[in-house]
>>> print(open('start_17.cif').read())   # mmCIF, C-alpha atoms
data_entry
loop_
_atom_site.label_atom_id
_atom_site.label_comp_id
_atom_site.auth_asym_id
_atom_site.auth_seq_id
_atom_site.Cartn_x
_atom_site.Cartn_y
_atom_site.Cartn_z
CA MET A 229 0.00 0.00 0.00
CA PHE A 230 2.84 2.41 0.81
CA GLU A 231 4.45 1.88 -2.60
CA SER A 232 1.91 4.14 -4.28
CA VAL A 233 2.71 7.12 -2.02
CA ALA A 234 6.42 6.66 -1.18
CA LYS A 235 7.65 9.52 -3.38
CA LYS A 236 5.06 11.98 -2.00
CA TYR A 237 5.10 10.71 1.60
CA ASP A 238 7.21 13.55 3.05
CA VAL A 239 5.17 16.25 1.33
CA MET A 240 1.96 14.72 2.61
CA ASN A 241 3.30 14.42 6.17
CA ASP A 242 4.20 18.10 6.06
CA MET A 243 0.77 19.03 4.73
CA MET A 244 -1.21 16.80 7.11
CA SER A 245 0.62 17.90 10.26
CA LEU A 246 1.49 21.44 9.13
CA GLY A 247 5.13 20.42 9.67
CA ILE A 248 4.66 19.58 13.35
CA HIS A 249 5.74 15.96 12.83
CA HIS A 250 9.33 17.25 12.37
CA LEU A 251 9.23 18.77 15.85
CA TRP A 252 7.92 15.54 17.39
CA LYS A 253 10.64 13.45 15.73
CA ASP A 254 13.39 15.94 16.57
CA LEU A 255 12.22 16.08 20.19
CA LEU A 256 12.29 12.28 20.35
CA LEU A 257 15.85 12.23 19.02
CA TRP A 258 16.92 15.02 21.38
CA LYS A 259 15.47 13.15 24.36
CA MET A 260 17.12 9.88 23.33
CA HIS A 261 20.47 11.62 22.63
CA PRO A 262 22.26 8.65 21.05
CA LEU A 263 25.91 8.49 22.06
CA PRO A 264 28.80 7.21 19.96
CA GLY A 265 28.49 3.46 19.67
CA THR A 266 24.71 3.42 20.11
CA GLN A 267 23.02 0.73 18.04
CA LEU A 268 19.60 2.10 17.05
CA LEU A 269 16.87 0.22 15.18
CA ASP A 270 14.23 2.33 13.42
CA ILE A 271 11.24 0.21 12.42
CA ALA A 272 8.85 1.33 9.69
CA GLY A 273 11.41 3.97 8.79
CA GLY A 274 9.80 6.52 6.55
CA THR A 275 11.53 8.68 4.01
CA GLU A 276 12.91 11.34 6.32
CA ILE A 277 16.14 11.72 8.24
CA SER A 278 15.69 13.95 11.25
CA LYS A 279 17.00 17.51 10.97
CA GLU A 280 18.78 16.82 14.27
CA TYR A 281 21.19 14.53 12.40
CA GLN A 282 22.21 17.53 10.30
CA ASN A 283 23.32 19.38 13.44
CA GLU A 284 26.91 18.50 14.42
CA GLU A 285 25.96 18.32 18.09
CA TYR A 286 23.52 15.48 17.34
CA SER A 287 25.15 13.92 14.28
CA LEU A 288 25.42 10.17 13.92
CA GLY A 289 28.97 10.57 15.27
CA GLY A 290 29.80 6.94 15.86
CA SER A 291 26.28 5.67 16.47
CA HIS A 292 24.66 3.38 13.96
CA VAL A 293 21.05 3.47 12.76
CA MET A 294 19.52 0.39 11.17
CA VAL A 295 16.39 1.40 9.26
CA CYS A 296 14.03 -1.53 8.78
CA ASN A 297 10.88 -1.36 6.70
CA ILE A 298 8.66 -4.01 5.17
CA ASN A 299 8.21 -1.81 2.08
CA LYS A 300 11.04 -1.86 -0.46
CA GLU A 301 9.94 1.38 -2.16
CA MET A 302 9.96 3.35 1.12
CA LEU A 303 13.49 2.09 1.84
CA LYS A 304 14.63 3.00 -1.66
CA VAL A 305 13.30 6.56 -1.41
CA GLU A 306 14.83 7.03 2.05
CA LYS A 307 18.23 5.73 1.00
CA LEU A 308 18.33 8.00 -2.06
CA LYS A 309 17.40 11.02 0.08
CA ALA A 310 20.06 10.17 2.66
CA LEU A 311 22.75 9.86 0.00
CA ALA A 312 21.62 13.13 -1.62
CA GLN A 313 21.99 14.83 1.80
CA GLY A 314 25.53 13.50 2.15
CA TYR A 315 24.98 10.62 4.58
CA ARG A 316 27.44 7.87 3.75
CA ALA A 317 28.17 6.28 7.14
CA GLY A 318 26.17 5.24 10.17
CA LEU A 319 23.00 4.22 8.30
CA THR A 320 21.95 0.81 7.00
CA TRP A 321 18.68 -0.10 5.30
CA VAL A 322 17.15 -3.53 5.76
CA LEU A 323 13.99 -4.98 4.27
CA GLY A 324 12.17 -6.67 7.13
CA ASP A 325 8.94 -7.24 9.00
CA ALA A 326 8.42 -5.85 12.53
CA GLU A 327 6.68 -9.12 13.43
CA GLU A 328 9.68 -11.25 12.41
CA LEU A 329 12.85 -9.17 12.59
CA PRO A 330 15.95 -10.41 10.75
CA PHE A 331 18.29 -9.55 13.67
CA ASP A 332 20.01 -11.41 16.49
CA ASP A 333 18.80 -11.25 20.09
CA ASP A 334 20.09 -8.42 22.33
CA LYS A 335 21.50 -6.42 19.41
CA PHE A 336 20.13 -2.88 19.81
CA ASP A 337 20.33 -0.19 22.48
CA ILE A 338 17.28 1.68 21.18
CA TYR A 339 14.24 0.62 19.14
CA THR A 340 12.11 3.36 17.60
CA ILE A 341 8.91 3.27 15.62
CA ALA A 342 7.31 6.55 14.58
CA PHE A 343 3.74 6.50 13.29
CA GLY A 344 4.07 2.90 12.19
CA ILE A 345 2.84 0.64 14.98
CA ARG A 346 -0.74 0.99 13.72
CA ASN A 347 0.34 -0.58 10.40
CA VAL A 348 1.55 -3.77 12.06
CA THR A 349 -0.95 -6.61 11.77
CA HIS A 350 -0.03 -8.36 15.03
CA ILE A 351 1.16 -5.63 17.40
CA ASP A 352 1.77 -8.09 20.25
CA GLN A 353 4.15 -10.04 18.00
CA ALA A 354 5.98 -6.82 17.07
CA PHE A 355 6.37 -5.98 20.78
CA GLN A 356 7.81 -9.45 21.43
CA GLU A 357 10.28 -8.97 18.59
CA ALA A 358 11.25 -5.52 19.93
CA HIS A 359 11.93 -7.05 23.33
CA ARG A 360 13.95 -9.85 21.75
CA VAL A 361 16.29 -7.59 19.74
CA LEU A 362 16.76 -4.97 22.47
CA LYS A 363 19.72 -5.34 24.80
CA PRO A 364 18.85 -5.62 28.50
CA GLY A 365 18.02 -2.08 29.65
CA GLY A 366 17.43 -0.96 26.06
CA TRP A 367 14.81 1.66 25.20
CA PHE A 368 11.60 1.13 23.23
CA LEU A 369 10.37 4.48 21.88
CA CYS A 370 7.13 4.86 19.97
CA LEU A 371 5.51 7.94 18.45
CA GLU A 372 1.90 7.40 17.46
CA PHE A 373 -1.39 9.20 17.14
CA SER A 374 -4.20 8.38 19.51
CA GLN A 375 -7.86 9.13 19.95
CA VAL A 376 -8.97 12.50 21.24
CA ASN A 377 -11.08 12.41 24.42
CA ASN A 378 -12.57 15.93 24.24
CA PRO A 379 -15.82 15.61 22.17
CA LEU A 380 -15.49 19.04 20.50
CA ILE A 381 -11.85 18.60 19.56
CA SER A 382 -12.57 15.02 18.52
CA ARG A 383 -15.27 16.21 16.11
CA LEU A 384 -12.96 18.87 14.61
CA TYR A 385 -10.15 16.33 14.35
CA ASP A 386 -12.42 13.84 12.56
CA LEU A 387 -13.64 16.52 10.16
CA TYR A 388 -10.07 17.50 9.36
CA SER A 389 -8.94 13.89 9.06
CA PHE A 390 -11.74 12.56 6.88
CA GLN A 391 -12.48 15.68 4.84
CA VAL A 392 -9.12 17.42 4.43
CA ILE A 393 -6.46 14.72 4.67
CA THR A 394 -8.16 12.40 2.17
CA VAL A 395 -8.59 15.26 -0.31
CA LEU A 396 -4.93 16.26 0.14
CA GLY A 397 -4.00 12.62 -0.42
CA GLU A 398 -5.79 12.63 -3.75
CA VAL A 399 -4.49 16.03 -4.89
CA ILE A 400 -0.86 15.61 -3.79
CA ALA A 401 -0.21 11.87 -3.83
CA GLY A 402 -2.95 10.76 -6.22
CA ASP A 403 -4.25 8.17 -3.75
CA TRP A 404 -7.18 9.08 -1.51
CA LYS A 405 -7.76 5.43 -0.54
CA PHE A 406 -4.33 5.21 1.10
CA TYR A 407 -4.98 8.32 3.16
CA GLN A 408 -8.48 7.10 4.04
CA TYR A 409 -6.79 3.96 5.40
CA LEU A 410 -4.21 6.05 7.26
CA VAL A 411 -6.90 8.13 8.98
CA GLU A 412 -8.98 5.07 9.85
CA SER A 413 -5.94 3.24 11.23
CA ILE A 414 -5.48 5.84 13.96
#
>>> encode(input="start_17.cif", output="structure tokens")
Amino acid sequence: MFESVAKKYDVMNDMMSLGIHHLWKDLLLWKMHPLPGTQLLDIAGGTEISKEYQNEEYSLGGSHVMVCNINKEMLKVEKLKALAQGYRAGLTWVLGDAEELPFDDDKFDIYTIAFGIRNVTHIDQAFQEAHRVLKPGGWFLCLEFSQVNNPLISRLYDLYSFQVITVLGEVIAGDWKFYQYLVESI
């Protein structure tokens, strides 16, 4: 499903969130503050490398990020963008399923998944795999949308999600069905 929108994914994320998703991801990276030697696994890696990595203070500097996605097209787009931005070291792309990770036990210091856990069919299985590949004391970090409890804000959010996001998906990415799925998956 993601193959049809991979090339427009970043533009749509910017449009849907008014760019706020960058702040959330950068804050997550700032809080995690990976040190040299950190082994980080990013599951369902999208097509964006955090702006924080472009800042020398937070550069990859000896840490290693393994980006794992079940979708070959998303990985391809991300890798091309990373190379175009000058990233040659510290990043590896692996085709793999969050429910059956192709990694050894106790391999990673940090496991991240940003806005992707809702796309996993068997979330409990993905959690078991995360636990398996994390070193003892490792961190599991997840960014995800949730339901809004305030009825007024919930109504406005639903209107925006189902009326605006799906239309943007059609206009920008040429695929309203994908963005209908994305909204419903929240």
>>> closest_residue(input="start_17.cif", among="A:Ala342, A:Ser413, A:Leu387, A:Trp404", to="Asp254 (chain A)", atoms="all atoms listed in the file")
A:Ala342
>>> resolve_selection(input="start_17.cif", expression="the PyMOL selection byres ((chain A and resi 365-376) around 9)", output="list in words")
Trp252, Lys253, Leu256, Met260, Asp334, Phe336, Asp337, Ile338, Tyr339, Thr340, Ile341, Ala342, Phe343, Gly344, Ile345, Arg346, Ala358, His359, Leu362, Lys363, Pro364, Asn377, Asn378, Pro379, Ile381, Ser382, Arg383, Tyr385 and Ile414 of chain A
>>> resolve_selection(input="start_17.cif", expression="the PyMOL selection byres ((chain A and resi 319-324) around 9)", output="mmCIF file with C-alpha atoms, in the frame of the given file")
data_model
loop_
_atom_site.group_PDB
_atom_site.id
_atom_site.type_symbol
_atom_site.label_atom_id
_atom_site.label_comp_id
_atom_site.auth_asym_id
_atom_site.auth_seq_id
_atom_site.Cartn_x
_atom_site.Cartn_y
_atom_site.Cartn_z
ATOM 1 C CA ILE A 271 11.240 0.210 12.420
ATOM 2 C CA LEU A 288 25.420 10.170 13.920
ATOM 3 C CA SER A 291 26.280 5.670 16.470
ATOM 4 C CA HIS A 292 24.660 3.380 13.960
ATOM 5 C CA VAL A 293 21.050 3.470 12.760
ATOM 6 C CA MET A 294 19.520 0.390 11.170
ATOM 7 C CA VAL A 295 16.390 1.400 9.260
ATOM 8 C CA CYS A 296 14.030 -1.530 8.780
ATOM 9 C CA ASN A 297 10.880 -1.360 6.700
ATOM 10 C CA ILE A 298 8.660 -4.010 5.170
ATOM 11 C CA ASN A 299 8.210 -1.810 2.080
ATOM 12 C CA LYS A 300 11.040 -1.860 -0.460
ATOM 13 C CA LEU A 303 13.490 2.090 1.840
ATOM 14 C CA LYS A 304 14.630 3.000 -1.660
ATOM 15 C CA GLU A 306 14.830 7.030 2.050
ATOM 16 C CA LYS A 307 18.230 5.730 1.000
ATOM 17 C CA ALA A 310 20.060 10.170 2.660
ATOM 18 C CA TYR A 315 24.980 10.620 4.580
ATOM 19 C CA ARG A 316 27.440 7.870 3.750
ATOM 20 C CA ALA A 317 28.170 6.280 7.140
ATOM 21 C CA GLY A 318 26.170 5.240 10.170
ATOM 22 C CA ASP A 325 8.940 -7.240 9.000
ATOM 23 C CA ALA A 326 8.420 -5.850 12.530
ATOM 24 C CA GLU A 327 6.680 -9.120 13.430
ATOM 25 C CA GLU A 328 9.680 -11.250 12.410
ATOM 26 C CA LEU A 329 12.850 -9.170 12.590
ATOM 27 C CA PRO A 330 15.950 -10.410 10.750
#
>>> resolve_selection(input="start_17.cif", expression="the PyMOL selection byres ((chain A and resi 394) around 12)", output="ChimeraX atom specification")
/A:240,243-244,386-393,395-412
>>> atom_distance(input="start_17.cif", atom1="CA of Glu301 (chain A)", atom2="CA of Thr349 (chain A)")
19.4 Å
>>> atom_distance(input="start_17.cif", atom1="CA of Leu269 (chain A)", atom2="CA of Ile248 (chain A)")
23.0 Å
>>> closest_residue(input="start_17.cif", among="A:Pro262, A:Leu257, A:Gly273, A:Lys335", to="Glu357 (chain A)", atoms="only C-alpha atoms")
A:Lys335
>>> atom_distance(input="start_17.cif", atom1="CA of Gln353 (chain A)", atom2="CA of Asp333 (chain A)")
14.8 Å
>>> closest_residue(input="start_17.cif", among="A:His250, A:Leu384, A:Gln313, A:Gly290", to="Gln267 (chain A)", atoms="all atoms listed in the file")
A:Gly290
>>> axis_aligned_box(input="start_17.cif", around="region 306-325 of chain A", padding_each_side="6 Å", output="JSON")
{"center_x": 18.6, "center_y": 3.8, "center_z": 4.1, "size_x": 31.2, "size_y": 34.1, "size_z": 24.2}
>>> decode(input="start_17.cif", residues="region 262-371 of chain A", atoms="C-alpha atoms", output="mmCIF file, in the first residue's frame")
data_model
loop_
_atom_site.group_PDB
_atom_site.id
_atom_site.type_symbol
_atom_site.label_atom_id
_atom_site.label_comp_id
_atom_site.auth_asym_id
_atom_site.auth_seq_id
_atom_site.Cartn_x
_atom_site.Cartn_y
_atom_site.Cartn_z
ATOM 1 C CA PRO A 262 22.261 8.651 21.049
ATOM 2 C CA LEU A 263 25.912 8.495 22.064
ATOM 3 C CA PRO A 264 28.803 7.212 19.959
ATOM 4 C CA GLY A 265 28.490 3.458 19.673
ATOM 5 C CA THR A 266 24.709 3.418 20.109
ATOM 6 C CA GLN A 267 23.016 0.733 18.041
ATOM 7 C CA LEU A 268 19.599 2.096 17.048
ATOM 8 C CA LEU A 269 16.869 0.220 15.184
ATOM 9 C CA ASP A 270 14.233 2.332 13.421
ATOM 10 C CA ILE A 271 11.243 0.208 12.422
ATOM 11 C CA ALA A 272 8.849 1.332 9.688
ATOM 12 C CA GLY A 273 11.414 3.966 8.788
ATOM 13 C CA GLY A 274 9.803 6.517 6.549
ATOM 14 C CA THR A 275 11.529 8.685 4.012
ATOM 15 C CA GLU A 276 12.909 11.344 6.323
ATOM 16 C CA ILE A 277 16.139 11.722 8.243
ATOM 17 C CA SER A 278 15.686 13.949 11.254
ATOM 18 C CA LYS A 279 16.995 17.510 10.973
ATOM 19 C CA GLU A 280 18.783 16.817 14.269
ATOM 20 C CA TYR A 281 21.186 14.532 12.399
ATOM 21 C CA GLN A 282 22.214 17.533 10.301
ATOM 22 C CA ASN A 283 23.321 19.384 13.439
ATOM 23 C CA GLU A 284 26.909 18.496 14.416
ATOM 24 C CA GLU A 285 25.961 18.321 18.095
ATOM 25 C CA TYR A 286 23.517 15.485 17.340
ATOM 26 C CA SER A 287 25.146 13.918 14.277
ATOM 27 C CA LEU A 288 25.420 10.167 13.915
ATOM 28 C CA GLY A 289 28.973 10.573 15.268
ATOM 29 C CA GLY A 290 29.801 6.936 15.856
ATOM 30 C CA SER A 291 26.279 5.672 16.475
ATOM 31 C CA HIS A 292 24.658 3.381 13.955
ATOM 32 C CA VAL A 293 21.054 3.471 12.760
ATOM 33 C CA MET A 294 19.521 0.392 11.171
ATOM 34 C CA VAL A 295 16.387 1.400 9.255
ATOM 35 C CA CYS A 296 14.034 -1.534 8.784
ATOM 36 C CA ASN A 297 10.883 -1.361 6.704
ATOM 37 C CA ILE A 298 8.661 -4.012 5.165
ATOM 38 C CA ASN A 299 8.209 -1.814 2.082
ATOM 39 C CA LYS A 300 11.043 -1.858 -0.461
ATOM 40 C CA GLU A 301 9.936 1.377 -2.157
ATOM 41 C CA MET A 302 9.961 3.350 1.124
ATOM 42 C CA LEU A 303 13.494 2.094 1.842
ATOM 43 C CA LYS A 304 14.631 2.999 -1.665
ATOM 44 C CA VAL A 305 13.304 6.557 -1.408
ATOM 45 C CA GLU A 306 14.831 7.030 2.048
ATOM 46 C CA LYS A 307 18.226 5.733 0.996
ATOM 47 C CA LEU A 308 18.328 7.999 -2.057
ATOM 48 C CA LYS A 309 17.404 11.018 0.078
ATOM 49 C CA ALA A 310 20.057 10.174 2.657
ATOM 50 C CA LEU A 311 22.745 9.863 0.000
ATOM 51 C CA ALA A 312 21.623 13.132 -1.619
ATOM 52 C CA GLN A 313 21.992 14.826 1.801
ATOM 53 C CA GLY A 314 25.528 13.496 2.148
ATOM 54 C CA TYR A 315 24.985 10.617 4.583
ATOM 55 C CA ARG A 316 27.439 7.874 3.752
ATOM 56 C CA ALA A 317 28.171 6.281 7.142
ATOM 57 C CA GLY A 318 26.170 5.239 10.166
ATOM 58 C CA LEU A 319 23.004 4.221 8.297
ATOM 59 C CA THR A 320 21.952 0.808 6.999
ATOM 60 C CA TRP A 321 18.684 -0.097 5.299
ATOM 61 C CA VAL A 322 17.153 -3.533 5.759
ATOM 62 C CA LEU A 323 13.994 -4.976 4.268
ATOM 63 C CA GLY A 324 12.174 -6.672 7.125
ATOM 64 C CA ASP A 325 8.942 -7.239 9.001
ATOM 65 C CA ALA A 326 8.420 -5.849 12.531
ATOM 66 C CA GLU A 327 6.683 -9.118 13.428
ATOM 67 C CA GLU A 328 9.678 -11.249 12.410
ATOM 68 C CA LEU A 329 12.847 -9.171 12.589
ATOM 69 C CA PRO A 330 15.953 -10.414 10.749
ATOM 70 C CA PHE A 331 18.292 -9.551 13.667
ATOM 71 C CA ASP A 332 20.010 -11.408 16.489
ATOM 72 C CA ASP A 333 18.803 -11.250 20.093
ATOM 73 C CA ASP A 334 20.086 -8.423 22.331
ATOM 74 C CA LYS A 335 21.504 -6.423 19.408
ATOM 75 C CA PHE A 336 20.126 -2.878 19.812
ATOM 76 C CA ASP A 337 20.328 -0.185 22.475
ATOM 77 C CA ILE A 338 17.282 1.684 21.178
ATOM 78 C CA TYR A 339 14.236 0.617 19.142
ATOM 79 C CA THR A 340 12.109 3.361 17.601
ATOM 80 C CA ILE A 341 8.912 3.269 15.616
ATOM 81 C CA ALA A 342 7.313 6.549 14.575
ATOM 82 C CA PHE A 343 3.741 6.500 13.295
ATOM 83 C CA GLY A 344 4.066 2.901 12.189
ATOM 84 C CA ILE A 345 2.844 0.636 14.977
ATOM 85 C CA ARG A 346 -0.740 0.986 13.718
ATOM 86 C CA ASN A 347 0.343 -0.575 10.401
ATOM 87 C CA VAL A 348 1.551 -3.768 12.064
ATOM 88 C CA THR A 349 -0.955 -6.610 11.774
ATOM 89 C CA HIS A 350 -0.033 -8.356 15.027
ATOM 90 C CA ILE A 351 1.161 -5.633 17.404
ATOM 91 C CA ASP A 352 1.772 -8.094 20.246
ATOM 92 C CA GLN A 353 4.146 -10.040 18.004
ATOM 93 C CA ALA A 354 5.981 -6.820 17.067
ATOM 94 C CA PHE A 355 6.370 -5.984 20.783
ATOM 95 C CA GLN A 356 7.809 -9.451 21.430
ATOM 96 C CA GLU A 357 10.285 -8.967 18.594
ATOM 97 C CA ALA A 358 11.245 -5.518 19.926
ATOM 98 C CA HIS A 359 11.927 -7.052 23.332
ATOM 99 C CA ARG A 360 13.946 -9.854 21.750
ATOM 100 C CA VAL A 361 16.286 -7.593 19.738
ATOM 101 C CA LEU A 362 16.765 -4.970 22.470
ATOM 102 C CA LYS A 363 19.720 -5.341 24.800
ATOM 103 C CA PRO A 364 18.850 -5.615 28.503
ATOM 104 C CA GLY A 365 18.022 -2.081 29.649
ATOM 105 C CA GLY A 366 17.426 -0.962 26.061
ATOM 106 C CA TRP A 367 14.810 1.655 25.198
ATOM 107 C CA PHE A 368 11.597 1.125 23.232
ATOM 108 C CA LEU A 369 10.369 4.477 21.885
ATOM 109 C CA CYS A 370 7.126 4.855 19.973
ATOM 110 C CA LEU A 371 5.513 7.939 18.450
#
